[in-house]
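K.L.:
I am sharing structure-v6.cif, which consists of mmCIF, C-alpha atoms:
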```cif
data_structure
#
loop_
_atom_site.label_atom_id
_atom_site.label_comp_id
_atom_site.auth_asym_id
_atom_site.auth_seq_id
_atom_site.Cartn_x
_atom_site.Cartn_y
_atom_site.Cartn_z
CA MET A 1379 12.86 5.27 -21.10
CA ASN A 1380 15.63 4.30 -23.52
CA ALA A 1381 18.18 5.19 -20.87
CA ALA A 1382 16.43 2.92 -18.39
CA ALA A 1383 16.33 0.06 -20.90
CA ALA A 1384 20.02 0.54 -21.69
CA LEU A 1385 20.87 0.55 -17.99
CA SER A 1386 18.90 -2.66 -17.56
CA ALA A 1387 20.70 -4.35 -20.45
CA ALA A 1388 24.11 -3.24 -19.17
CA ALA A 1389 23.49 -4.19 -15.54
CA VAL A 1390 24.07 -7.93 -15.82
CA PRO A 1391 27.30 -7.87 -17.87
CA ALA A 1392 28.66 -5.04 -15.72
CA LEU A 1393 27.91 -6.99 -12.55
CA LEU A 1394 29.43 -10.22 -13.88
CA ILE A 1395 32.62 -8.43 -14.91
CA ALA A 1396 33.05 -6.07 -11.97
CA VAL A 1397 32.23 -8.40 -9.07
CA PRO A 1398 34.80 -11.17 -9.73
CA LEU A 1399 37.50 -8.60 -10.63
CA TYR A 1400 36.89 -6.62 -7.44
CA ALA A 1401 36.78 -9.78 -5.33
CA TYR A 1402 40.11 -10.94 -6.80
CA TYR A 1403 41.58 -7.50 -6.11
CA ARG A 1404 40.43 -7.82 -2.49
CA GLY A 1405 42.24 -11.13 -2.15
CA VAL A 1406 39.20 -13.43 -2.31
CA PRO A 1407 40.03 -16.91 -3.71
CA VAL A 1408 37.48 -16.42 -6.51
CA TYR A 1409 37.45 -19.93 -7.99
CA ASP A 1410 36.98 -21.69 -4.64
CA GLU A 1411 34.35 -19.29 -3.41
CA PHE A 1412 32.45 -19.43 -6.68
CA ILE A 1413 32.25 -23.21 -6.41
CA ASP A 1414 31.00 -23.02 -2.82
CA GLY A 1415 28.32 -20.58 -3.90
CA ALA A 1416 27.33 -22.65 -6.92
CA ARG A 1417 26.98 -25.74 -4.71
CA GLU A 1418 24.66 -23.81 -2.47
CA GLY A 1419 22.53 -22.75 -5.46
CA LEU A 1420 22.25 -26.34 -6.69
CA LEU A 1421 21.25 -27.70 -3.30
CA LEU A 1422 18.73 -24.92 -2.97
CA SER A 1423 16.91 -25.73 -6.19
CA TRP A 1424 16.88 -29.39 -5.16
CA ARG A 1425 15.22 -28.43 -1.86
CA LEU A 1426 12.68 -26.30 -3.74
CA LEU A 1427 11.54 -29.10 -6.03
CA PRO A 1428 8.91 -30.73 -3.75
CA PHE A 1429 7.37 -27.32 -3.04
CA LEU A 1430 7.22 -26.58 -6.76
CA ILE A 1431 5.70 -29.96 -7.56
CA ALA A 1432 2.98 -29.54 -4.93
CA MET A 1433 2.12 -26.06 -6.17
CA MET A 1434 2.32 -26.62 -9.91
CA THR A 1435 0.33 -29.89 -9.98
CA SER A 1436 -2.53 -28.38 -7.96
CA VAL A 1437 -2.56 -25.17 -10.00
CA GLY A 1438 -2.39 -27.19 -13.24
CA LEU A 1439 -5.36 -29.32 -12.16
CA PHE A 1440 -7.36 -26.26 -11.23
CA LEU A 1441 -6.62 -24.35 -14.44
CA HIS A 1442 -7.06 -27.18 -16.94
CA GLY A 1443 -9.65 -29.35 -15.21
CA GLY A 1444 -12.43 -26.77 -15.42
CA GLY A 1445 -12.23 -25.35 -11.89
CA MET A 1446 -11.02 -22.03 -13.25
CA ALA A 1447 -13.90 -21.91 -15.74
CA LEU A 1448 -16.37 -22.17 -12.82
CA VAL A 1449 -14.62 -19.41 -10.87
CA GLU A 1450 -14.72 -17.20 -13.97
CA LYS A 1451 -18.51 -17.63 -14.17
CA ILE A 1452 -18.79 -16.49 -10.55
CA PHE A 1453 -16.65 -13.39 -11.10
CA ALA A 1454 -18.07 -12.34 -14.49
CA PRO A 1455 -20.85 -10.17 -12.94
CA VAL A 1456 -18.24 -8.31 -10.81
CA CYS A 1457 -16.47 -7.28 -14.01
CA GLY A 1458 -19.75 -6.01 -15.43
CA VAL A 1459 -20.39 -3.80 -12.40
CA PHE A 1460 -17.09 -1.94 -12.89
CA GLY A 1461 -17.26 -1.85 -16.68
CA ILE A 1462 -14.13 -4.01 -17.02
CA PRO A 1463 -14.09 -5.91 -20.32
CA GLY A 1464 -14.80 -9.58 -19.58
CA GLU A 1465 -12.06 -10.65 -22.01
CA VAL A 1466 -9.37 -9.87 -19.41
CA LEU A 1467 -11.07 -11.75 -16.54
CA PRO A 1468 -9.28 -15.07 -17.19
CA LEU A 1469 -5.98 -13.17 -17.19
CA ALA A 1470 -6.76 -11.44 -13.87
CA LEU A 1471 -7.69 -14.73 -12.22
CA THR A 1472 -4.78 -16.72 -13.65
CA ARG A 1473 -2.09 -14.11 -12.98
CA PRO A 1474 -1.40 -14.90 -9.29
CA LEU A 1475 -1.42 -18.65 -9.93
CA SER A 1476 0.64 -19.25 -13.05
CA GLY A 1477 3.32 -17.10 -14.66
CA SER A 1478 3.52 -19.06 -17.91
CA GLY A 1479 -0.28 -19.41 -18.03
CA SER A 1480 -0.92 -15.67 -17.67
CA LEU A 1481 1.84 -14.81 -20.14
CA GLY A 1482 0.16 -17.12 -22.66
CA LEU A 1483 -3.21 -15.45 -22.03
CA THR A 1484 -1.70 -11.98 -22.48
CA ALA A 1485 -0.05 -13.03 -25.74
CA ALA A 1486 -3.38 -14.44 -26.95
CA LEU A 1487 -5.26 -11.21 -26.05
CA LEU A 1488 -2.65 -9.06 -27.82
CA ASP A 1489 -2.88 -11.29 -30.85
CA ARG A 1490 -6.67 -11.38 -30.95
CA TYR A 1491 -7.58 -7.76 -30.11
CA GLY A 1492 -4.37 -5.99 -31.14
CA ALA A 1493 -1.61 -4.64 -28.90
CA ASP A 1494 -2.95 -1.06 -29.22
CA SER A 1495 -6.62 -1.86 -28.50
CA PHE A 1496 -8.06 -1.13 -25.05
CA VAL A 1497 -8.13 -4.83 -24.17
CA GLY A 1498 -4.55 -5.23 -25.42
CA ARG A 1499 -3.29 -2.26 -23.43
CA LEU A 1500 -5.18 -3.27 -20.31
CA ALA A 1501 -3.79 -6.81 -20.57
CA SER A 1502 -0.27 -5.39 -20.98
CA VAL A 1503 -0.58 -3.06 -18.00
CA ALA A 1504 -2.18 -5.72 -15.79
CA GLN A 1505 0.40 -8.35 -16.71
CA GLY A 1506 3.28 -5.91 -16.20
CA SER A 1507 2.13 -4.57 -12.84
CA THR A 1508 1.51 -7.89 -11.04
CA GLU A 1509 3.50 -10.96 -10.11
CA THR A 1510 2.86 -14.68 -9.86
CA THR A 1511 2.14 -14.43 -6.14
CA PHE A 1512 1.81 -18.19 -5.56
CA TYR A 1513 5.13 -18.88 -7.25
CA VAL A 1514 6.96 -16.15 -5.31
CA LEU A 1515 5.64 -17.47 -2.00
CA THR A 1516 6.44 -21.09 -2.94
CA VAL A 1517 10.04 -20.32 -3.89
CA TYR A 1518 10.90 -17.88 -1.09
CA PHE A 1519 9.19 -19.73 1.73
CA GLY A 1520 10.30 -23.10 0.33
CA ALA A 1521 13.93 -21.93 0.39
CA VAL A 1522 13.82 -21.56 4.18
CA ASN A 1523 11.36 -24.41 4.74
CA ILE A 1524 8.49 -22.27 5.98
CA ARG A 1525 5.13 -24.04 5.96
CA ARG A 1526 3.03 -21.59 7.97
CA PHE A 1527 2.64 -18.55 5.73
CA ARG A 1528 0.37 -16.69 8.19
CA TYR A 1529 -1.18 -13.72 6.34
CA ALA A 1530 1.39 -13.62 3.51
CA LEU A 1531 -0.97 -14.94 0.83
CA TRP A 1532 -3.71 -12.43 1.69
CA VAL A 1533 -1.20 -9.59 1.55
CA GLY A 1534 -0.04 -10.75 -1.88
CA LEU A 1535 -3.58 -11.17 -3.22
CA ILE A 1536 -4.72 -7.78 -1.87
CA GLY A 1537 -1.78 -6.29 -3.78
CA ASP A 1538 -2.78 -8.19 -6.95
CA ILE A 1539 -6.44 -7.13 -6.80
CA THR A 1540 -5.50 -3.49 -6.16
CA ALA A 1541 -2.97 -3.51 -8.99
CA PHE A 1542 -5.53 -4.99 -11.36
CA PHE A 1543 -8.15 -2.32 -10.61
CA ALA A 1544 -5.46 0.36 -10.78
CA ALA A 1545 -4.41 -1.07 -14.16
CA PHE A 1546 -7.98 -0.72 -15.43
CA TYR A 1547 -8.44 2.89 -14.31
CA LEU A 1548 -4.91 3.94 -15.34
CA THR A 1549 -5.31 2.41 -18.79
CA LYS A 1550 -8.57 4.36 -19.16
CA ALA A 1551 -6.84 7.56 -18.02
CA PHE A 1552 -3.71 7.14 -20.16
CA PHE A 1553 -5.49 6.07 -23.34
CA PRO A 1554 -8.81 7.94 -23.48
CA GLY A 1555 -11.24 7.24 -26.29
CA MET B 277 -3.16 -21.95 5.99
CA MET B 278 -1.69 -23.48 2.83
CA ASN B 279 -3.33 -26.82 3.61
CA PRO B 280 -6.94 -25.87 2.79
CA ILE B 281 -5.85 -23.80 -0.22
CA TRP B 282 -3.78 -26.61 -1.66
CA LEU B 283 -6.61 -29.08 -1.01
CA PHE B 284 -9.10 -26.76 -2.71
CA LEU B 285 -6.98 -26.34 -5.83
CA PHE B 286 -5.95 -29.99 -6.04
CA CYS B 287 -9.17 -31.83 -5.20
CA GLY B 288 -11.47 -29.06 -6.45
CA GLY B 289 -9.65 -29.06 -9.78
CA ALA B 290 -9.84 -32.85 -10.07
CA LEU B 291 -13.51 -32.88 -9.05
CA ALA B 292 -14.38 -30.19 -11.59
CA ALA B 293 -12.73 -32.25 -14.33
CA VAL B 294 -14.66 -35.40 -13.37
CA VAL B 295 -18.00 -33.59 -13.01
CA GLY B 296 -17.33 -31.72 -16.24
CA GLY B 297 -17.02 -35.04 -18.06
CA ARG B 298 -13.29 -34.82 -18.70
CA PRO B 299 -11.80 -37.25 -16.16
CA GLU B 300 -8.83 -37.88 -18.46
CA MET B 301 -7.72 -34.30 -17.73
CA VAL B 302 -6.87 -35.25 -14.13
CA LEU B 303 -3.92 -37.46 -14.91
CA SER B 304 -2.65 -35.35 -17.81
CA SER B 305 -2.83 -32.12 -15.77
CA VAL B 306 -1.02 -33.65 -12.81
CA ALA B 307 1.66 -35.09 -15.09
CA ALA B 308 2.07 -31.79 -16.94
CA GLY B 309 2.21 -29.81 -13.68
CA ALA B 310 4.88 -32.07 -12.19
CA ALA B 311 6.89 -31.94 -15.41
CA ASP B 312 6.66 -28.13 -15.37
CA ALA B 313 7.90 -28.10 -11.77
CA VAL B 314 10.92 -30.26 -12.67
CA GLU B 315 11.65 -28.00 -15.63
CA VAL B 316 11.43 -24.85 -13.48
CA ALA B 317 13.65 -26.41 -10.81
CA LEU B 318 16.23 -27.41 -13.42
CA GLY B 319 16.21 -23.92 -14.88
CA LEU B 320 16.58 -22.50 -11.38
CA ALA B 321 19.41 -24.94 -10.64
CA ALA B 322 21.39 -23.74 -13.64
CA PHE B 323 20.67 -20.10 -12.99
CA LEU B 324 20.90 -20.09 -9.20
CA SER B 325 24.20 -21.92 -9.10
CA VAL B 326 25.89 -19.29 -11.27
CA TRP B 327 24.33 -16.36 -9.44
CA CYS B 328 24.97 -17.81 -6.01
CA GLY B 329 28.60 -18.25 -7.06
CA VAL B 330 28.90 -14.61 -8.09
CA LEU B 331 26.93 -13.51 -5.05
CA ARG B 332 29.41 -15.29 -2.83
CA LEU B 333 32.22 -13.28 -4.41
CA ALA B 334 30.30 -10.04 -3.87
CA GLU B 335 29.80 -10.92 -0.22
CA ARG B 336 33.37 -12.01 0.48
CA SER B 337 34.79 -8.87 -1.11
CA GLY B 338 32.59 -6.63 1.04
CA LEU B 339 30.63 -5.23 -1.92
CA THR B 340 27.13 -6.14 -0.77
CA GLY B 341 27.74 -4.68 2.68
CA ALA B 342 28.88 -1.37 1.23
CA LEU B 343 25.93 -1.16 -1.15
CA SER B 344 23.39 -1.94 1.52
CA ARG B 345 24.72 0.78 3.81
CA LEU B 346 24.09 3.21 0.96
CA VAL B 347 20.61 2.12 -0.06
CA SER B 348 19.06 0.56 3.05
CA PRO B 349 17.75 3.89 4.45
CA LEU B 350 15.20 3.79 1.59
CA LEU B 351 13.88 0.43 2.75
CA ARG B 352 13.96 1.21 6.45
CA PRO B 353 10.33 2.43 6.71
CA VAL B 354 9.14 -0.99 5.48
CA PHE B 355 11.04 -2.84 8.23
CA PRO B 356 10.88 -0.58 11.29
CA ASP B 357 11.75 -3.34 13.78
CA LEU B 358 14.65 -4.92 11.91
CA PRO B 359 17.99 -4.02 13.56
CA ARG B 360 20.26 -1.89 11.36
CA SER B 361 23.07 -4.41 11.61
CA HIS B 362 20.88 -7.29 10.41
CA GLY B 363 22.40 -9.43 7.65
CA ALA B 364 19.20 -9.32 5.59
CA TRP B 365 19.57 -5.67 4.58
CA ALA B 366 22.26 -6.25 1.94
CA PRO B 367 20.48 -9.00 -0.03
CA MET B 368 17.12 -7.21 0.35
CA VAL B 369 18.61 -4.07 -1.21
CA MET B 370 20.11 -6.10 -4.05
CA ASN B 371 16.80 -7.89 -4.59
CA VAL B 372 14.81 -4.67 -4.81
CA SER B 373 17.38 -3.07 -7.14
CA ALA B 374 17.33 -6.08 -9.48
CA ASN B 375 13.53 -6.00 -9.54
CA LEU B 376 13.51 -2.29 -10.35
CA LEU B 377 15.82 -2.92 -13.29
CA GLY B 378 13.47 -5.61 -14.56
CA LEU B 379 15.94 -8.41 -13.84
CA GLY B 380 13.38 -10.74 -12.27
CA ASN B 381 15.60 -13.83 -12.54
CA ALA B 382 18.59 -12.09 -11.05
CA ALA B 383 16.43 -10.86 -8.17
CA THR B 384 15.54 -14.39 -7.03
CA PRO B 385 18.93 -15.47 -5.60
CA PHE B 386 19.20 -12.19 -3.66
CA GLY B 387 15.67 -12.67 -2.38
CA ILE B 388 16.42 -16.20 -1.21
CA GLU B 389 19.58 -14.96 0.48
CA ALA B 390 17.48 -12.34 2.26
CA MET B 391 14.94 -14.95 3.38
CA LYS B 392 17.77 -17.09 4.80
CA ALA B 393 19.14 -14.12 6.74
CA LEU B 394 15.67 -13.26 8.05
CA ASN B 395 15.15 -16.89 9.07
CA GLU B 396 18.33 -16.88 11.15
CA THR B 397 16.69 -14.55 13.66
CA ASN B 398 13.29 -16.25 13.35
CA PRO B 399 12.31 -17.41 16.85
CA GLU B 400 9.76 -19.86 15.44
CA LYS B 401 11.30 -21.86 12.56
CA GLY B 402 8.76 -22.95 9.98
CA THR B 403 6.53 -19.93 10.57
CA ALA B 404 6.72 -16.71 8.54
CA THR B 405 7.84 -13.56 10.38
CA LYS B 406 6.33 -10.17 9.75
CA GLU B 407 9.56 -8.99 8.10
CA MET B 408 9.44 -11.93 5.69
CA ILE B 409 5.87 -11.13 4.75
CA SER B 410 6.65 -7.45 4.14
CA PHE B 411 9.65 -8.48 2.07
CA LEU B 412 7.50 -10.80 -0.03
CA ALA B 413 4.99 -7.96 -0.47
CA LEU B 414 7.84 -6.05 -2.14
CA ASN B 415 8.40 -9.01 -4.44
CA THR B 416 4.81 -9.94 -5.30
CA SER B 417 4.13 -6.33 -6.33
CA ALA B 418 6.31 -6.44 -9.46
CA VAL B 419 7.47 -2.82 -9.09
CA SER B 420 9.74 -2.50 -12.08
CA LEU B 421 10.97 0.34 -14.27
CA ILE B 422 11.21 -1.95 -17.28
CA PRO B 423 8.62 -4.72 -17.72
CA GLY B 424 10.82 -6.37 -20.35
CA MET B 425 8.65 -9.39 -21.07
CA ILE B 426 5.61 -7.22 -21.83
CA LEU B 427 7.57 -4.92 -24.15
CA GLY B 428 8.76 -7.97 -26.06
CA LEU B 429 5.25 -9.40 -26.35
CA ARG B 430 3.81 -6.07 -27.51
CA ALA B 431 6.53 -5.55 -30.10
CA GLU B 432 5.94 -9.05 -31.38
CA ALA B 433 2.18 -8.39 -31.63
CA GLY B 434 2.89 -5.40 -33.89
CA SER B 435 2.26 -2.53 -31.47
CA ALA B 436 2.95 0.96 -32.85
CA ASP B 437 4.29 1.97 -29.42
CA PRO B 438 5.22 -1.02 -27.25
CA ALA B 439 6.64 1.20 -24.49
CA ALA B 440 3.40 3.21 -24.06
CA VAL B 441 2.35 0.96 -21.19
CA ILE B 442 5.48 1.46 -19.06
CA VAL B 443 4.24 4.43 -17.03
CA PRO B 444 0.69 3.17 -16.29
CA SER B 445 2.14 -0.26 -15.51
CA PHE B 446 4.66 1.22 -13.07
CA LEU B 447 1.95 3.30 -11.36
CA ALA B 448 -0.40 0.30 -11.10
CA SER B 449 2.32 -1.80 -9.49
CA LEU B 450 2.97 1.04 -7.00
CA ALA B 451 -0.73 1.02 -6.11
CA GLY B 452 -0.53 -2.74 -5.57
CA LEU B 453 2.59 -2.34 -3.43
CA ALA B 454 0.99 0.37 -1.28
CA ALA B 455 -2.08 -1.80 -0.69
CA ALA B 456 0.01 -4.89 0.10
CA LEU B 457 2.28 -3.05 2.57
CA THR B 458 -0.70 -1.40 4.26
CA ALA B 459 -2.42 -4.78 4.57
CA ALA B 460 0.79 -6.32 5.94
CA ALA B 461 1.09 -3.60 8.59
CA LEU B 462 -2.57 -4.01 9.59
CA PHE B 463 -2.33 -7.81 9.81
CA ALA B 464 0.85 -7.51 11.90
CA ARG B 465 -0.89 -5.18 14.34
CA LEU B 466 -3.95 -7.45 14.55
CA GLY B 467 -1.70 -10.42 15.25
CA LYS B 468 0.03 -8.60 18.10
CA LYS B 469 -3.19 -7.82 19.93
CA ARG B 470 -4.27 -11.43 19.94
#
```
Could you rewrite the structure in this file as structure tokens?
P.N.:
Amino acid sequence: MNAAAALSAAAVPALLIAVPLYAYYRGVPVYDEFIDGAREGLLLSWRLLPFLIAMMTSVGLFLHGGGMALVEKIFAPVCGVFGIPGEVLPLALTRPLSGSGSLGLTAALLDRYGADSFVGRLASVAQGSTETTFYVLTVYFGAVNIRRFRYALWVGLIGDITAFFAAFYLTKAFFPG
Amino acid sequence: MMNPIWLFLFCGGALAAVVGGRPEMVLSSVAAGAADAVEVALGLAAFLSVWCGVLRLAERSGLTGALSRLVSPLLRPVFPDLPRSHGAWAPMVMNVSANLLGLGNAATPFGIEAMKALNETNPEKGTATKEMISFLALNTSAVSLIPGMILGLRAEAGSADPAAVIVPSFLASLAGLAAALTAAALFARLGKKR
């Protein structure tokens, strides 16, 4: 895995050095084109802002206002049925909604139960194998002004639920005892 | 479909705060959420502008086209109806590669580029196409060889072996991806019959 980590660390600098050099070699006016691209990136994030505000205010209200606490009560028995430790339930429910929120929860679980405890490992695997589905949809659909998501959210959530259960069983299999 | 979900989160969250006896949370949560959104957008603005600049150079020099011809056969099974000459292949390939390397932030500009290309051949602007949804399934599944953030957190929490979770995490994300792509294919077929 060290090779993979090294490759990952080298990828960005290599890309940033090689791409402009190659473009210049191919006769691309690099400065002018870079500015055109940068302008596009700026305008894009400006267009994304209303989508982000709509999503992050509603998610913030739901997480901090007590709505999430109610949902956790509803799902707690489901955890019991499968033998999943209840400590990771808030993480599982927060993960698709808030990237920073779930990262904070994972850090808290690692801190409280230890990174090499079952809860700590499960939290790590679950956090690492899922994405902030709501954020991904907001940014990617917002970028092309798509308001009708059709079945995209269900597809994302089905993936999240499957990954979470897989994380539980894989953590049990990889770290027995 | 987003309308009822947004309403549920927004009004349900506010209602829960009021019923729970913490009405002051409503204003503070909304303010904090909006501030977060502005912060994220500013971060994206700084990051996207640089990457979109470099991306433009990669496109103009013919690099992205060459790379996508090499790697796109791997993605072809996910997008059976997308023509081989479609402009979305190159950025989709770059997006998936960046995700695999654990470069989540670098993957975003490529992903947006891919969405724009997919939208160009979208007959119904404003509505997601089945290719877009499959592409997002690739992105919401977090399939990555190096979950960098987690390794950092675990090291910081004093783990004896921070990297021990890499393999189970990769396998779990593959399971999620398989389920998401299967669901996407089933939904697409259901939609066609109707």
K.L.:
What residues come out when you apply the PyMOL selection byres ((chain B and resi 415) around 8) to this file, written as a ChimeraX atom specification?
P.N.:
/A:1509,1514 /B:372,375,411-414,416-419
K.L.:
Those same residues - C-alpha atoms - I'd like them written as a PDB file, keeping the file's coordinate frame.
P.N.:
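Listing of result-v4.pdb after writing:
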```pdb
ATOM      1  CA  GLU A1509       3.500 -10.960 -10.110  1.00  0.00           C
ATOM      2  CA  VAL A1514       6.960 -16.150  -5.310  1.00  0.00           C
TER       3      VAL A1514
ATOM      4  CA  VAL B 372      14.810  -4.670  -4.810  1.00  0.00           C
ATOM      5  CA  ASN B 375      13.530  -6.000  -9.540  1.00  0.00           C
ATOM      6  CA  PHE B 411       9.650  -8.480   2.070  1.00  0.00           C
ATOM      7  CA  LEU B 412       7.500 -10.800  -0.030  1.00  0.00           C
ATOM      8  CA  ALA B 413       4.990  -7.960  -0.470  1.00  0.00           C
ATOM      9  CA  LEU B 414       7.840  -6.050  -2.140  1.00  0.00           C
ATOM     10  CA  THR B 416       4.810  -9.940  -5.300  1.00  0.00           C
ATOM     11  CA  SER B 417       4.130  -6.330  -6.330  1.00  0.00           C
ATOM     12  CA  ALA B 418       6.310  -6.440  -9.460  1.00  0.00           C
ATOM     13  CA  VAL B 419       7.470  -2.820  -9.090  1.00  0.00           C
TER      14      VAL B 419
END
```
K.L.:
Tell me which of A:Leu1399, A:Tyr1547, A:Gly1534, A:Thr1511 sits closest to Ala454 of chain B, counting all atoms listed in the file.
P.N.:
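Closest candidate: A:Gly1534.
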K.L.:
Given the PyMOL selection byres ((chain B and resi 353) around 12) and the file above, list the residues it selects as an MDAnalysis selection string.
P.N.:
chainID B and resid 348:352 354:358 360 407 410:411 457:458 461
K.L.:
Report, in Å with one decimal, the straight-line distance from atom CA of Phe386 of chain B to atom CA of Leu333 of chain B.
P.N.:
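Pair atom CA of Phe386 of chain B / atom CA of Leu333 of chain B returns 13.1 Å.
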K.L.:
Quick one: pull the distance between atom CA of Asn398 of chain B and atom CA of Ser1476 of chain A, Å, one decimal.
P.N.:
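A separation of 29.4 Å between them.
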K.L.:
Nearest to Val326 of chain B among A:Glu1418, A:Asp1489, A:Asp1410, A:Glu1450, with distances taken over only C-alpha atoms: which residue is it?
P.N.:
A:Glu1418
K.L.:
Name the residues that the PyMOL selection byres ((chain B and resi 423-430) around 7) pulls out of this structure, and write them as a count of residues only.
P.N.:
15
K.L.:
Taking into account all atoms listed in the file, which residue in the set A:Gly1482, A:Pro1398, A:Gly1438, A:Pro1428 is nearest to Ala308 of chain B?
P.N.:
A:Gly1438
K.L.:
For each of A:Leu1393, A:Ala1541, A:Leu1420, A:Ala1521, take the minimum atom-to-atom distance to Gly402 of chain B, counting all atoms listed in the file, then give the residue where this is smallest.
P.N.:
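So, comparing all the options, the nearest one is A:Ala1521.
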K.L.:
Point out the residue among B:Leu394, B:Ser325, B:Ala364, B:Val443 with the least atom-to-atom distance to chain A, counting all atoms listed in the file.
P.N.:
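Under the stated criterion, the closest residue is B:Ser325.
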K.L.:
Assuming 3 Å of padding per side, give the centre and edge lengths of the axis-aligned box around every listed atom of segment 405-424 of chain B, in Å to one decimal and as JSON.
P.N.:
```
{"center_x": 7.7, "center_y": -6.6, "center_z": -5.0, "size_x": 13.1, "size_y": 19.9, "size_z": 36.7}
```
K.L.:
Report the distance between atom CA of Gly1477 of chain A and atom CA of Thr1508 of chain A in Å, rounded to one decimal place.
P.N.:
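A separation of 10.1 Å between them.
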K.L.:
Which residues come within 7 Å of Ile1524 of chain A, counting all atoms listed in the file, excluding same-chain residues fewer than 2 positions away, as a ChimeraX atom specification?
P.N.:
/A:1519-1520,1522,1526-1527 /B:402-404
K.L.:
Store the residues picked out above, limited to C-alpha atoms, as a compact mmCIF listing (two decimals), in the frame of the given file.
P.N.:
```txt
# COMPACT_ATOMS: atom_id res chain seq x y z
CA PHE A 1519 9.19 -19.73 1.73
CA GLY A 1520 10.30 -23.10 0.33
CA VAL A 1522 13.82 -21.56 4.18
CA ARG A 1526 3.03 -21.59 7.97
CA PHE A 1527 2.64 -18.55 5.73
CA GLY B 402 8.76 -22.95 9.98
CA THR B 403 6.53 -19.93 10.57
CA ALA B 404 6.72 -16.71 8.54
```
K.L.:
Can you work out which one of B:Leu466, B:Leu339, B:Ala293, B:Met408 has the shortest atom-to-atom distance to chain A, counting all atoms listed in the file?
P.N.:
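Between B:Leu466, B:Leu339, B:Ala293, B:Met408, the residue approaching chain A most closely is B:Ala293.
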K.L.:
What would the list of residues within 8 Å of (22.4, -5.2, 1.6) (file frame) look like as a PyMOL selection string, if all atoms listed in the file are what count?
P.N.:
chain B and resi 340-345+347-348+363-370
K.L.:
Write out as a VMD selection string which residues come within 12 Å of Phe1453 of chain A when counting only C-alpha atoms, dropping same-chain ones fewer than 5 positions away.
P.N.:
chain A and resid 1446 to 1448 1458 to 1460 1462 1464 1466 to 1468 1470 to 1471
K.L.:
Using only C-alpha atoms, which protein or nucleic acid residues come within 10 Å of Cys328 of chain B? Drop anything in the same chain fewer than 2 positions from it, and give the result as JSON, numbers by chain.
P.N.:
{"A": [1411, 1412, 1413, 1414, 1415, 1416, 1417, 1418, 1419, 1420, 1422], "B": [323, 324, 325, 326, 330, 331, 332, 333, 334, 382, 385, 386, 388, 389]}
K.L.:
Mind checking which residues fall within 9 Å of Arg1499 of chain A, counting only C-alpha atoms, ignoring those fewer than 5 positions away in the same chain, and posting them as a tab-separated table (two decimals) with C-alpha atoms, keeping the file's coordinate frame?
P.N.:
```tsv
chain	number	residue	atom	x	y	z
A	1488	LEU	CA	-2.65	-9.06	-27.82
A	1492	GLY	CA	-4.37	-5.99	-31.14
A	1493	ALA	CA	-1.61	-4.64	-28.90
A	1494	ASP	CA	-2.95	-1.06	-29.22
A	1504	ALA	CA	-2.18	-5.72	-15.79
A	1549	THR	CA	-5.31	2.41	-18.79
A	1553	PHE	CA	-5.49	6.07	-23.34
B	440	ALA	CA	3.40	3.21	-24.06
B	441	VAL	CA	2.35	0.96	-21.19
```
K.L.:
Would you mind listing what lies within 9 Å of Ala1545 of chain A as a ChimeraX atom specification, with all atoms listed in the file counted and same-chain residues fewer than 2 positions away left out?
P.N.:
/A:1500-1501,1503-1504,1507,1540-1543,1547-1550 /B:444-445,447-449
